[in-house]
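Colleague: File name model-v1.txt; file contents compact mmCIF, C-alpha atoms and all ligand atoms; full text below.
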```txt
# COMPACT_ATOMS: atom_id res chain seq x y z
CA MET A 1 -29.40 0.56 -5.13
CA SER A 2 -30.15 3.61 -3.03
CA SER A 3 -32.46 5.90 -4.95
CA GLU A 4 -32.57 9.12 -2.89
CA LEU A 5 -28.96 10.13 -3.19
CA PRO A 6 -27.12 11.16 -6.33
CA ALA A 7 -24.32 8.76 -7.36
CA LEU A 8 -21.69 11.11 -6.05
CA TYR A 9 -22.73 10.51 -2.49
CA SER A 10 -23.15 6.77 -2.25
CA LEU A 11 -19.56 5.63 -2.19
CA GLY A 12 -18.78 2.34 -0.45
CA ILE A 13 -15.38 1.33 0.88
CA ILE A 14 -14.63 -2.35 1.42
CA GLY A 15 -12.35 -2.65 4.41
CA ALA A 16 -12.06 -0.47 7.49
CA GLY A 17 -8.40 -0.25 8.40
CA GLN A 18 -6.38 2.97 8.56
CA ILE A 19 -6.33 3.38 4.77
CA ALA A 20 -10.14 3.38 4.77
CA ARG A 21 -10.14 5.71 7.80
CA MET A 22 -8.03 8.33 6.01
CA THR A 23 -9.96 7.88 2.74
CA HIS A 24 -13.18 8.36 4.70
CA GLN A 25 -11.82 11.53 6.33
CA ALA A 26 -10.85 12.93 2.92
CA ALA A 27 -14.31 12.17 1.52
CA VAL A 28 -16.05 13.76 4.50
CA LYS A 29 -14.11 16.94 3.81
CA LEU A 30 -15.80 17.02 0.39
CA GLY A 31 -19.23 16.52 1.91
CA ILE A 32 -19.36 12.83 1.02
CA THR A 33 -19.87 10.25 3.75
CA PRO A 34 -18.79 6.86 2.44
CA ARG A 35 -20.36 3.68 3.75
CA LEU A 36 -17.82 1.17 5.04
CA LEU A 37 -17.82 -2.60 5.02
CA ALA A 38 -16.01 -3.35 8.27
CA GLU A 39 -15.24 -6.68 9.88
CA GLU A 40 -14.99 -5.67 13.55
CA SER A 41 -16.51 -2.80 15.52
CA ASP A 42 -13.02 -1.67 16.56
CA ASP A 43 -11.66 -1.53 13.01
CA SER A 44 -9.77 1.75 12.69
CA ALA A 45 -12.14 3.34 10.14
CA ALA A 46 -15.30 1.93 11.71
CA LEU A 47 -14.51 3.86 14.89
CA ALA A 48 -14.74 7.08 12.89
CA ALA A 49 -17.65 6.20 10.60
CA PRO A 50 -21.24 6.25 11.79
CA ASP A 51 -22.46 4.39 8.74
CA ALA A 52 -20.26 1.30 8.91
CA VAL A 53 -21.76 -2.10 8.12
CA TYR A 54 -20.22 -5.07 9.93
CA SER A 55 -19.83 -8.19 7.93
CA HIS A 56 -17.44 -10.70 6.49
CA PRO A 57 -15.99 -9.43 3.17
CA ASP A 58 -17.92 -12.21 1.39
CA ALA A 59 -21.08 -10.23 2.05
CA ILE A 60 -19.98 -7.68 -0.55
CA ALA A 61 -22.96 -8.37 -2.79
CA MET A 62 -25.41 -7.11 -0.19
CA PHE A 63 -23.19 -4.16 0.70
CA ALA A 64 -22.91 -3.27 -3.00
CA GLU A 65 -26.67 -2.86 -3.25
CA SER A 66 -26.51 0.16 -0.97
CA CYS A 67 -23.71 1.89 -2.92
CA GLU A 68 -23.38 3.36 -6.40
CA ILE A 69 -19.61 3.05 -6.51
CA ILE A 70 -17.36 0.73 -4.57
CA THR A 71 -13.67 1.03 -3.83
CA LEU A 72 -11.40 -1.21 -1.75
CA GLU A 73 -8.74 -0.69 0.87
CA HIS A 74 -7.16 -4.16 0.87
CA GLU A 75 -6.46 -7.19 -1.29
CA ARG A 76 -7.96 -9.99 0.81
CA ILE A 77 -11.09 -10.41 -1.28
CA ASP A 78 -12.07 -13.12 -3.71
CA ILE A 79 -11.45 -11.62 -7.14
CA GLY A 80 -13.93 -14.05 -8.72
CA LEU A 81 -16.68 -12.62 -6.53
CA LEU A 82 -15.78 -9.07 -7.56
CA GLU A 83 -15.73 -10.08 -11.23
CA ARG A 84 -19.22 -11.57 -10.95
CA LEU A 85 -20.48 -8.39 -9.28
CA GLU A 86 -18.88 -6.24 -11.95
CA GLU A 87 -20.46 -8.34 -14.69
CA GLY A 88 -23.77 -7.89 -12.90
CA GLY A 89 -23.43 -4.11 -13.19
CA VAL A 90 -21.81 -3.10 -9.88
CA CYS A 91 -19.43 -0.17 -10.40
CA ILE A 92 -16.13 -1.18 -8.78
CA ARG A 93 -13.28 1.34 -9.04
CA PRO A 94 -10.59 0.45 -9.78
CA GLY A 95 -12.11 -2.29 -11.89
CA THR A 96 -11.34 -5.98 -11.58
CA ARG A 97 -8.84 -5.89 -14.45
CA THR A 98 -6.65 -3.68 -12.27
CA LEU A 99 -7.55 -5.48 -9.05
CA ARG A 100 -6.62 -8.91 -10.38
CA ALA A 101 -3.12 -7.58 -11.08
CA ALA A 102 -2.91 -6.13 -7.58
CA PHE A 103 -4.34 -9.18 -5.75
CA ASP A 104 -2.41 -11.95 -7.46
CA LYS A 105 1.37 -11.46 -7.53
CA MET A 106 1.92 -14.16 -10.18
CA HIS A 107 -0.63 -12.61 -12.51
CA GLN A 108 0.92 -9.21 -11.77
CA ARG A 109 4.40 -10.40 -12.71
CA ARG A 110 3.13 -12.04 -15.90
CA VAL A 111 1.18 -8.96 -17.00
CA LEU A 112 4.13 -6.65 -16.33
CA LEU A 113 6.62 -8.97 -18.06
CA ASN A 114 4.35 -9.35 -21.12
CA ARG A 115 4.11 -5.58 -21.44
CA GLY A 116 7.91 -5.20 -21.22
CA PHE A 117 8.17 -3.71 -17.71
CA PRO A 118 11.34 -4.55 -15.72
CA VAL A 119 10.55 -7.25 -13.11
CA PRO A 120 12.75 -9.76 -11.24
CA ALA A 121 12.87 -13.30 -12.63
CA PHE A 122 10.05 -15.32 -11.03
CA ALA A 123 8.40 -18.73 -11.01
CA GLU A 124 5.35 -20.33 -9.48
CA LEU A 125 6.20 -22.86 -6.74
CA ARG A 126 3.96 -25.91 -6.95
CA GLY A 127 6.36 -27.94 -4.84
CA PRO A 128 9.98 -28.21 -3.61
CA ASP A 129 11.24 -29.26 -7.07
CA ASP A 130 10.18 -25.94 -8.56
CA LEU A 131 12.12 -24.12 -5.83
CA MET A 132 15.26 -26.20 -6.46
CA ASP A 133 15.02 -25.63 -10.23
CA PHE A 134 14.72 -21.89 -9.59
CA ALA A 135 17.68 -21.84 -7.16
CA ARG A 136 19.84 -23.76 -9.65
CA LYS A 137 19.10 -21.15 -12.30
CA PHE A 138 19.34 -18.00 -10.19
CA ASN A 139 21.29 -19.08 -7.07
CA PHE A 140 20.53 -18.26 -3.45
CA PRO A 141 19.38 -16.00 -1.89
CA VAL A 142 15.92 -16.65 -3.29
CA VAL A 143 12.86 -14.63 -2.33
CA ILE A 144 9.76 -16.71 -1.57
CA LYS A 145 6.47 -14.82 -1.62
CA SER A 146 2.89 -15.65 -0.97
CA ILE A 147 0.99 -14.99 -4.20
CA ARG A 148 -1.89 -13.44 -2.27
CA SER A 149 -1.73 -10.96 0.61
CA GLY A 150 -2.14 -12.32 4.10
CA ARG A 151 -4.01 -10.83 7.04
CA PRO A 152 -2.56 -7.56 8.41
CA GLY A 153 0.69 -8.41 10.15
CA GLN A 154 0.91 -11.86 8.57
CA ARG A 155 4.27 -12.42 6.94
CA SER A 156 4.26 -13.02 3.19
CA VAL A 157 7.90 -12.61 2.09
CA TRP A 158 10.90 -14.78 3.04
CA ILE A 159 14.44 -14.23 1.84
CA VAL A 160 16.10 -17.63 2.04
CA GLU A 161 19.83 -18.22 1.84
CA THR A 162 19.99 -22.02 1.77
CA GLU A 163 18.10 -25.07 0.57
CA THR A 164 17.30 -26.05 4.19
CA GLU A 165 15.76 -22.64 4.90
CA ALA A 166 13.81 -22.74 1.65
CA MET A 167 12.38 -26.17 2.44
CA ARG A 168 11.39 -25.05 5.92
CA VAL A 169 9.44 -22.07 4.55
CA MET A 170 7.84 -24.25 1.90
CA SER A 171 6.67 -26.82 4.40
CA GLU A 172 5.46 -24.22 6.93
CA GLN A 173 3.65 -22.19 4.27
CA GLY A 174 2.60 -25.12 2.10
CA HIS A 175 -1.08 -24.24 2.55
CA ARG A 176 -0.52 -20.93 0.74
CA GLU A 177 0.14 -20.41 -2.97
CA LEU A 178 3.80 -19.45 -3.25
CA MET A 179 6.18 -18.05 -5.85
CA ALA A 180 9.94 -17.57 -6.08
CA GLU A 181 11.71 -14.42 -7.12
CA ASP A 182 15.29 -13.56 -7.94
CA TYR A 183 16.87 -11.61 -5.07
CA GLN A 184 17.53 -8.00 -6.14
CA PRO A 185 20.54 -5.97 -5.01
CA ILE A 186 18.48 -3.04 -3.73
CA VAL A 187 20.09 0.40 -3.50
CA LYS A 188 16.86 2.21 -2.60
CA GLU A 189 13.18 1.29 -2.27
CA LEU A 190 10.96 3.80 -4.01
CA VAL A 191 7.24 4.30 -4.44
CA ALA A 192 5.76 6.08 -7.46
CA LEU A 193 2.16 7.10 -6.81
CA VAL A 194 -0.08 7.94 -9.69
CA VAL A 195 -3.77 8.77 -9.57
CA ARG A 196 -5.96 8.22 -12.62
CA ARG A 197 -9.53 9.12 -13.55
CA PRO A 198 -11.73 6.76 -15.59
CA GLY A 199 -11.10 8.76 -18.79
CA GLY A 200 -7.33 8.44 -18.42
CA ASN A 201 -6.42 11.78 -16.87
CA CYS A 202 -3.43 11.14 -14.55
CA ARG A 203 -1.42 13.00 -11.94
CA ASN A 204 1.81 11.85 -10.33
CA TYR A 205 3.01 12.54 -6.81
CA PRO A 206 6.70 13.27 -6.19
CA LEU A 207 8.66 10.02 -6.02
CA ALA A 208 8.99 8.79 -2.40
CA GLU A 209 11.69 6.70 -0.78
CA VAL A 210 10.76 4.12 1.85
CA ILE A 211 13.12 3.06 4.61
CA GLN A 212 12.48 -0.39 6.08
CA GLN A 213 13.25 -1.43 9.61
CA GLU A 214 12.77 -5.01 10.83
CA GLY A 215 10.86 -5.91 7.69
CA ALA A 216 8.32 -3.07 7.95
CA VAL A 217 8.18 0.37 6.38
CA HIS A 218 9.49 2.73 9.03
CA GLU A 219 10.02 6.01 7.27
CA ILE A 220 8.94 7.72 4.04
CA ARG A 221 10.97 10.50 2.52
CA SER A 222 9.70 12.81 -0.19
CA PRO A 223 11.12 13.65 -2.61
CA ALA A 224 13.32 10.56 -2.87
CA ALA A 225 17.02 11.42 -2.92
CA VAL A 226 17.60 10.23 -6.48
CA GLY A 227 18.66 11.97 -9.68
CA HIS A 228 16.18 13.59 -12.09
CA ARG A 229 16.57 10.74 -14.56
CA VAL A 230 15.53 8.06 -12.07
CA ALA A 231 12.63 10.19 -10.81
CA ALA A 232 11.41 10.82 -14.36
CA GLU A 233 11.76 7.16 -15.29
CA ALA A 234 9.81 6.06 -12.18
CA LYS A 235 7.04 8.52 -12.97
CA GLU A 236 6.87 7.35 -16.56
CA LEU A 237 6.79 3.67 -15.52
CA ALA A 238 3.95 4.28 -13.05
CA THR A 239 1.89 6.23 -15.58
CA ARG A 240 2.36 3.59 -18.27
CA ILE A 241 1.36 0.81 -15.86
CA ALA A 242 -1.73 2.77 -14.74
CA ASN A 243 -2.75 3.26 -18.36
CA GLU A 244 -2.05 -0.36 -19.34
CA LEU A 245 -4.19 -1.63 -16.45
CA GLU A 246 -6.79 1.14 -16.91
CA ALA A 247 -6.40 1.86 -13.21
CA VAL A 248 -8.82 4.24 -11.51
CA GLY A 249 -7.88 5.94 -8.25
CA VAL A 250 -4.43 5.70 -6.71
CA LEU A 251 -2.02 3.14 -8.13
CA ALA A 252 1.12 2.69 -6.02
CA VAL A 253 4.07 1.26 -7.89
CA GLU A 254 6.72 -0.07 -5.51
CA LEU A 255 10.11 0.05 -7.21
CA PHE A 256 13.59 -1.16 -6.39
CA LEU A 257 16.45 1.01 -7.54
CA THR A 258 19.16 -1.57 -8.18
CA THR A 259 22.67 -1.26 -9.54
CA LYS A 260 21.16 -2.18 -12.92
CA GLY A 261 18.31 0.34 -12.80
CA LEU A 262 14.66 0.36 -11.76
CA VAL A 263 12.73 -2.87 -11.20
CA VAL A 264 9.02 -3.08 -10.37
CA ASN A 265 8.44 -4.79 -7.03
CA GLU A 266 4.70 -4.72 -6.49
CA LEU A 267 1.54 -2.81 -7.29
CA ALA A 268 -1.17 -1.66 -4.92
CA ALA A 269 -4.38 -0.38 -6.49
CA ARG A 270 -5.35 1.86 -3.56
CA PRO A 271 -3.87 4.58 -1.38
CA HIS A 272 -0.54 3.33 -0.04
CA ASN A 273 1.39 3.65 3.19
CA ALA A 274 4.09 5.64 1.37
CA GLY A 275 1.47 8.18 0.35
CA HIS A 276 0.72 9.28 3.92
CA VAL A 277 3.39 11.86 3.25
CA THR A 278 0.98 13.55 0.80
CA ILE A 279 -1.58 14.51 3.49
CA GLU A 280 0.46 17.54 4.50
CA GLY A 281 3.16 17.32 1.82
CA SER A 282 0.95 18.02 -1.22
CA PRO A 283 -1.99 20.37 -1.88
CA THR A 284 -4.25 17.31 -2.44
CA SER A 285 -3.61 14.11 -0.49
CA GLN A 286 -3.57 10.66 -2.07
CA PHE A 287 -6.79 9.93 -0.15
CA GLU A 288 -8.67 12.92 -1.49
CA ASN A 289 -7.43 12.28 -5.02
CA HIS A 290 -8.44 8.62 -4.72
CA VAL A 291 -11.97 9.70 -3.79
CA ARG A 292 -12.04 12.29 -6.56
CA ALA A 293 -10.80 9.76 -9.12
CA VAL A 294 -13.22 6.96 -8.23
CA LEU A 295 -16.09 9.46 -8.39
CA ASP A 296 -14.69 10.83 -11.67
CA LEU A 297 -14.20 14.33 -10.30
CA PRO A 298 -11.34 16.69 -11.26
CA LEU A 299 -8.03 15.73 -9.62
CA GLY A 300 -6.17 18.17 -7.39
CA PRO A 301 -2.52 19.23 -7.57
CA THR A 302 0.04 16.66 -6.40
CA ARG A 303 3.27 18.69 -6.20
CA SER A 304 5.27 19.09 -2.97
CA VAL A 305 4.43 22.08 -0.83
CA ALA A 306 7.82 22.01 0.95
CA PRO A 307 11.39 21.20 -0.10
CA ALA A 308 11.27 18.02 2.02
CA THR A 309 8.58 15.99 3.77
CA VAL A 310 9.19 12.96 6.00
CA THR A 311 6.67 10.56 7.54
CA VAL A 312 7.65 8.22 10.36
CA ASN A 313 5.33 5.32 11.13
CA VAL A 314 4.26 4.71 14.71
CA ILE A 315 4.62 0.96 15.19
CA GLY A 316 3.46 -0.95 18.28
CA GLY A 317 6.28 -2.35 20.41
CA HIS A 318 6.53 -5.34 22.74
CA ASP A 319 6.27 -2.99 25.73
CA GLY A 320 2.56 -2.44 24.94
CA ILE A 321 2.93 1.34 25.02
CA ASP A 322 -0.14 3.11 23.67
CA PRO A 323 0.84 6.24 21.71
CA ALA A 324 -2.54 7.77 22.56
CA ASP A 325 -1.31 8.04 26.18
CA HIS A 326 1.54 10.28 24.99
CA LEU A 327 -0.41 12.49 22.59
CA GLY A 328 0.27 15.63 24.59
CA GLU A 329 4.04 15.17 24.52
CA ALA A 330 3.96 14.55 20.77
CA LEU A 331 1.78 17.57 20.03
CA ALA A 332 4.29 19.68 21.93
CA VAL A 333 6.75 18.98 19.10
CA GLU A 334 5.61 21.95 17.07
CA GLY A 335 5.67 21.58 13.33
CA SER A 336 4.98 17.86 13.38
CA HIS A 337 1.64 16.43 12.26
CA VAL A 338 0.42 13.56 14.41
CA HIS A 339 -2.01 10.94 13.07
CA LEU A 340 -3.30 8.14 15.30
CA TYR A 341 -5.48 5.37 13.92
CA GLY A 342 -7.39 4.51 17.10
CA LYS A 343 -6.05 0.94 17.08
CA ARG A 344 -5.33 -1.20 20.12
CA PRO A 345 -1.55 -1.41 20.56
CA ALA A 346 -0.04 -4.68 19.34
CA PRO A 347 3.57 -5.49 18.52
CA GLY A 348 4.37 -4.67 14.89
CA SER A 349 0.99 -3.04 14.26
CA LYS A 350 0.86 0.37 12.56
CA LEU A 351 -0.80 2.59 15.14
CA GLY A 352 -0.26 5.94 13.49
CA HIS A 353 2.24 8.15 11.72
CA VAL A 354 3.88 11.52 12.10
CA THR A 355 4.75 13.86 9.24
CA ALA A 356 7.00 16.91 9.25
CA MET A 357 8.23 19.26 6.58
CA GLY A 358 11.52 21.06 6.37
CA ASP A 359 14.07 22.82 4.22
CA ASP A 360 15.82 19.49 3.74
CA LEU A 361 15.18 15.81 4.48
CA ASP A 362 17.37 15.79 7.61
CA GLN A 363 15.47 18.65 9.19
CA ALA A 364 12.07 17.13 8.38
CA ARG A 365 13.18 13.71 9.62
CA GLU A 366 14.52 15.05 12.90
CA MET A 367 11.20 16.76 13.64
CA ALA A 368 9.05 13.74 12.69
CA ARG A 369 11.27 11.38 14.71
CA ARG A 370 11.07 13.57 17.79
CA ALA A 371 7.28 13.42 17.75
CA GLU A 372 7.30 9.67 17.06
CA ALA A 373 9.71 9.11 19.97
CA ALA A 374 7.42 11.14 22.22
CA LEU A 375 4.42 9.02 21.20
CA MET A 376 6.29 5.84 22.02
CA GLY A 377 7.37 7.13 25.41
CA ARG A 378 11.03 7.38 24.44
CA ARG A 379 13.26 10.27 25.35
CA HIS A 380 14.07 12.63 22.50
CA TRP A 381 17.53 11.99 21.26
N1 LIG A 401 13.00 -9.76 -5.22
C1 LIG A 401 13.40 -9.16 -4.09
N2 LIG A 401 14.71 -8.97 -3.85
C2 LIG A 401 15.14 -8.39 -2.69
N3 LIG A 401 14.32 -7.97 -1.71
C3 LIG A 401 12.99 -8.13 -1.90
C4 LIG A 401 12.47 -8.74 -3.10
N4 LIG A 401 11.12 -8.77 -2.99
C5 LIG A 401 10.82 -8.21 -1.80
N5 LIG A 401 11.93 -7.82 -1.15
C6 LIG A 401 11.99 -7.15 0.17
O1 LIG A 401 10.84 -7.52 0.92
C7 LIG A 401 9.99 -6.37 1.15
C8 LIG A 401 8.54 -6.79 1.10
O2 LIG A 401 8.23 -7.35 -0.17
P1 LIG A 401 6.88 -7.01 -0.93
O3 LIG A 401 6.78 -5.55 -1.14
O4 LIG A 401 6.80 -7.87 -2.14
O5 LIG A 401 5.82 -7.55 0.07
P2 LIG A 401 4.88 -6.86 1.15
O6 LIG A 401 4.83 -5.40 0.96
O7 LIG A 401 5.23 -7.41 2.47
O8 LIG A 401 3.63 -7.58 0.63
P3 LIG A 401 2.13 -7.49 0.95
O9 LIG A 401 1.84 -6.02 1.05
O10 LIG A 401 1.54 -8.15 -0.25
O11 LIG A 401 1.98 -8.25 2.23
C9 LIG A 401 10.37 -5.38 0.05
O12 LIG A 401 10.01 -4.08 0.41
C10 LIG A 401 11.88 -5.62 -0.02
O13 LIG A 401 12.57 -4.99 1.05
MG MG A 402 5.58 -4.05 -0.47
```
Would you mind writing the file out in structure tokens?
Ligand SMILES: Nc1ncnc2c1ncn2[C@@H]1O[C@H](COP(=O)(O)OP(=O)(O)OP(=O)(O)O)[C@@H](O)[C@H]1O
Ligand SMILES: [Mg+2]

Modeller:
Amino acid sequence: MSSELPALYSLGIIGAGQIARMTHQAAVKLGITPRLLAEESDDSAALAAPDAVYSHPDAIAMFAESCEIITLEHERIDIGLLERLEEGGVCIRPGTRTLRAAFDKMHQRRVLLNRGFPVPAFAELRGPDDLMDFARKFNFPVVIKSIRSGRPGQRSVWIVETETEAMRVMSEQGHRELMAEDYQPIVKELVALVVRRPGGNCRNYPLAEVIQQEGAVHEIRSPAAVGHRVAAEAKELATRIANELEAVGVLAVELFLTTKGLVVNELAARPHNAGHVTIEGSPTSQFENHVRAVLDLPLGPTRSVAPATVTVNVIGGHDGIDPADHLGEALAVEGSHVHLYGKRPAPGSKLGHVTAMGDDLDQAREMARRAEAALMGRRHW
């Protein structure tokens, strides 16, 4: 362990994508320069961090020796390895009890079900028979999911309508551990973000609504256009889950609002795409509060600073357009906040996001979309 620096300053982040980049930026603001464990020299966060270490995530043990506290930006890490490190005295925040629930969707479903949280019916798929049993019980459509996260951009959810489709997915994805889930009639997709310190002190961000387009999150609206009861219930669910799992840092609880009420979709034990809205939309961003929480520092306020905040993701298209080439046009859309992640354009890849605030969601959305259109070389509509 590094001996010259006080614990506060030797924070390590495993992963160097855009989540790590924005977490790093928030830490730097506080005078803390985290060390990153990156995989490639052009990883989004590595481009902005002088102190990045390049290695395969399996080299965590060596990385851990140079840090007092470690946090993670993704789920593609062997949980067994993290557990052994934790047992050996490495301070990982959130701890592996929380991370296991975030990394392994089957374990997550079981933990939530055992504690009485609303989740869709689910089953592990060890082979085609398990899928057919599940479909007989719950009917098609059935949702097939990979139990563990894939690489960025790798698909891990399939909504199948027929036995033939289900069998195709099962044979194509047979090398991955899969589970089945009952298809939910979704009215809205919501994300409840809570941030928690080691002692249990929690703060909740306003409930956000995510709008999907072609299977990816396209837009985030805050506050979600739902009634007070739903918002209060979502907040309460997220806080209870964070306490049950003894989460530290940001816990993102993805929820489906269905005709029958709220259902937990998935948990992410790290800053979340839906929380990008908090960078300008709240006095303290999810990234800064994540850093504060993992270092056990006082949390900052999480309320909205405007009546409405909207974030639009900047997603790479097939035309290969690089939003960085259109930065000037986007910055000319006054009132919008442009974030680019420094990534090479690739179809479907998240290259940045734009946030705008307004008196209502429509006004904020219009402004954010105009800047996003400018970045992608489209005419403003
Ligand atoms: N049980 C379900 N019923 C209906 N739609 C679902 C269900 N599960 C997932 N979906 C749809 O698929 C989307 C992606 O699912 P999910 O959030 O589980 O995976 P993901 O975010 O792609 O996963 P990961 O981040 O682990 O790669 C959801 O946002 C939702 O639109
Ligand atoms: Mg999700």

Colleague: Choose the residue, out of A:Pro301, A:Arg344, A:Ile70, A:Glu219, that has the smallest atom-to-atom separation from Glu372 (chain A); count all atoms listed in the file.

Modeller: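 Of all the options, A:Glu219 lies closest to Glu372 (chain A).
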
Colleague: Using only C-alpha atoms and all ligand atoms, which of A:Pro223, A:Pro141, A:Pro94, A:Gly335 sits nearest ligand LIG 401 (chain A)?

Modeller: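 Closest to ligand LIG 401 (chain A) of all the choices is A:Pro141.
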
Colleague: Which of these residues is nearest to ligand MG 402 (chain A), using all atoms listed in the file: A:Ala224, A:Leu255, A:Ala26, A:Ile147?

Modeller: A:Leu255

Colleague: With only C-alpha atoms and all ligand atoms counted, collect every polymer residue having an atom within 9 Å of ligand LIG 401 (chain A); state the result as a compact mmCIF listing (two decimals) with C-alpha atoms, keeping the file's coordinate frame.

Modeller:
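Okay, this is what ended up in part00.txt:
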```txt
# COMPACT_ATOMS: atom_id res chain seq x y z
CA GLU A 75 -6.46 -7.19 -1.29
CA ALA A 102 -2.91 -6.13 -7.58
CA PHE A 103 -4.34 -9.18 -5.75
CA LYS A 105 1.37 -11.46 -7.53
CA VAL A 119 10.55 -7.25 -13.11
CA PRO A 120 12.75 -9.76 -11.24
CA ALA A 121 12.87 -13.30 -12.63
CA PHE A 122 10.05 -15.32 -11.03
CA PRO A 141 19.38 -16.00 -1.89
CA VAL A 142 15.92 -16.65 -3.29
CA VAL A 143 12.86 -14.63 -2.33
CA ILE A 144 9.76 -16.71 -1.57
CA LYS A 145 6.47 -14.82 -1.62
CA SER A 146 2.89 -15.65 -0.97
CA ILE A 147 0.99 -14.99 -4.20
CA ARG A 148 -1.89 -13.44 -2.27
CA SER A 149 -1.73 -10.96 0.61
CA GLY A 150 -2.14 -12.32 4.10
CA ARG A 151 -4.01 -10.83 7.04
CA PRO A 152 -2.56 -7.56 8.41
CA GLY A 153 0.69 -8.41 10.15
CA GLN A 154 0.91 -11.86 8.57
CA ARG A 155 4.27 -12.42 6.94
CA SER A 156 4.26 -13.02 3.19
CA VAL A 157 7.90 -12.61 2.09
CA TRP A 158 10.90 -14.78 3.04
CA ILE A 159 14.44 -14.23 1.84
CA ALA A 180 9.94 -17.57 -6.08
CA GLU A 181 11.71 -14.42 -7.12
CA ASP A 182 15.29 -13.56 -7.94
CA TYR A 183 16.87 -11.61 -5.07
CA GLN A 184 17.53 -8.00 -6.14
CA PRO A 185 20.54 -5.97 -5.01
CA ILE A 186 18.48 -3.04 -3.73
CA GLU A 189 13.18 1.29 -2.27
CA VAL A 210 10.76 4.12 1.85
CA ILE A 211 13.12 3.06 4.61
CA GLN A 212 12.48 -0.39 6.08
CA GLY A 215 10.86 -5.91 7.69
CA ALA A 216 8.32 -3.07 7.95
CA VAL A 217 8.18 0.37 6.38
CA GLU A 254 6.72 -0.07 -5.51
CA LEU A 255 10.11 0.05 -7.21
CA PHE A 256 13.59 -1.16 -6.39
CA ASN A 265 8.44 -4.79 -7.03
CA GLU A 266 4.70 -4.72 -6.49
CA LEU A 267 1.54 -2.81 -7.29
CA ALA A 268 -1.17 -1.66 -4.92
```

Colleague: Measuring atom to atom with all atoms listed in the file, identify which of A:Ile321, A:Val195, A:Ile92, A:Ala48 is nearest to Pro298 (chain A).

Modeller: A:Val195

Colleague: Do you know which residues lie at most 10 Å from (-10.0, 7.6, 6.1), with coordinates as in the file and all atoms listed in the file counted, and could you write them as a PyMOL selection string?

Modeller: chain A and resi 13+16-28+34+44-46+48-49+73+287-288+341

Colleague: So which residues touch Thr311 (chain A) within 12 Å, counting only C-alpha atoms, skipping near sequence neighbours fewer than 2 positions away, as JSON, numbers by chain?

Modeller: {"A": [208, 209, 210, 211, 217, 218, 219, 220, 221, 222, 223, 273, 274, 275, 276, 277, 278, 279, 280, 281, 308, 309, 313, 314, 336, 337, 338, 339, 352, 353, 354, 355, 356, 357, 358, 361, 362, 364, 365, 366, 367, 368, 369, 370, 371, 372]}

Colleague: What's the separation between CA of Leu11 (chain A) and CA of Ile69 (chain A), in Å to one decimal place?

Modeller: 5.0 Å

Colleague: For each of A:Lys260, A:Lys235, A:His175, A:His326, take the minimum atom-to-atom distance to Val191 (chain A), counting only C-alpha atoms, then give the residue where this is smallest.

Modeller: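 Ranked by minimum distance to Val191 (chain A), first place goes to A:Lys235.
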
Colleague: Please, what distance in Å, to one decimal, runs between CA of Ser66 (chain A) and CA of Ala38 (chain A)?

Modeller: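 Those two atoms sit 14.4 Å apart.
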
Colleague: List every protein, DNA or RNA residue that has at least one atom no more than 12 Å from (16.9, -26.1, 2.7) in the file's coordinates, counting all atoms listed in the file, and write the result as a ChimeraX atom specification.

Modeller: /A:128-129,131-132,135,140-142,160-171

Colleague: Please compute the CA of Thr302 (chain A)-CA of Tyr9 (chain A) distance, one decimal, in Å.

Modeller: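 Rounded to one decimal, the two atoms are 23.9 Å apart.
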
Colleague: Considering only C-alpha atoms and all ligand atoms, can you say which of A:Ala324, A:Ala306, A:Val264, A:Leu237 comes closest to ligand MG 402 (chain A)?

Modeller: A:Val264

Colleague: If you count all atoms listed in the file, which residues fall within 8 Å of Ala252 (chain A), apart from same-chain ones fewer than 4 positions away, as a PyMOL selection string?

Modeller: chain A and resi 191-194+238+267-272

Colleague: Take the selection from the previous step and output its residues with C-alpha atoms, as a short mmCIF file (atom, residue, chain, number, x, y, z; two decimals), keeping the file's coordinate frame.

Modeller:
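Below is the file that was written, part.cif:
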```cif
data_model
loop_
_atom_site.label_atom_id
_atom_site.label_comp_id
_atom_site.auth_asym_id
_atom_site.auth_seq_id
_atom_site.Cartn_x
_atom_site.Cartn_y
_atom_site.Cartn_z
CA VAL A 191 7.24 4.30 -4.44
CA ALA A 192 5.76 6.08 -7.46
CA LEU A 193 2.16 7.10 -6.81
CA VAL A 194 -0.08 7.94 -9.69
CA ALA A 238 3.95 4.28 -13.05
CA LEU A 267 1.54 -2.81 -7.29
CA ALA A 268 -1.17 -1.66 -4.92
CA ALA A 269 -4.38 -0.38 -6.49
CA ARG A 270 -5.35 1.86 -3.56
CA PRO A 271 -3.87 4.58 -1.38
CA HIS A 272 -0.54 3.33 -0.04
#
```
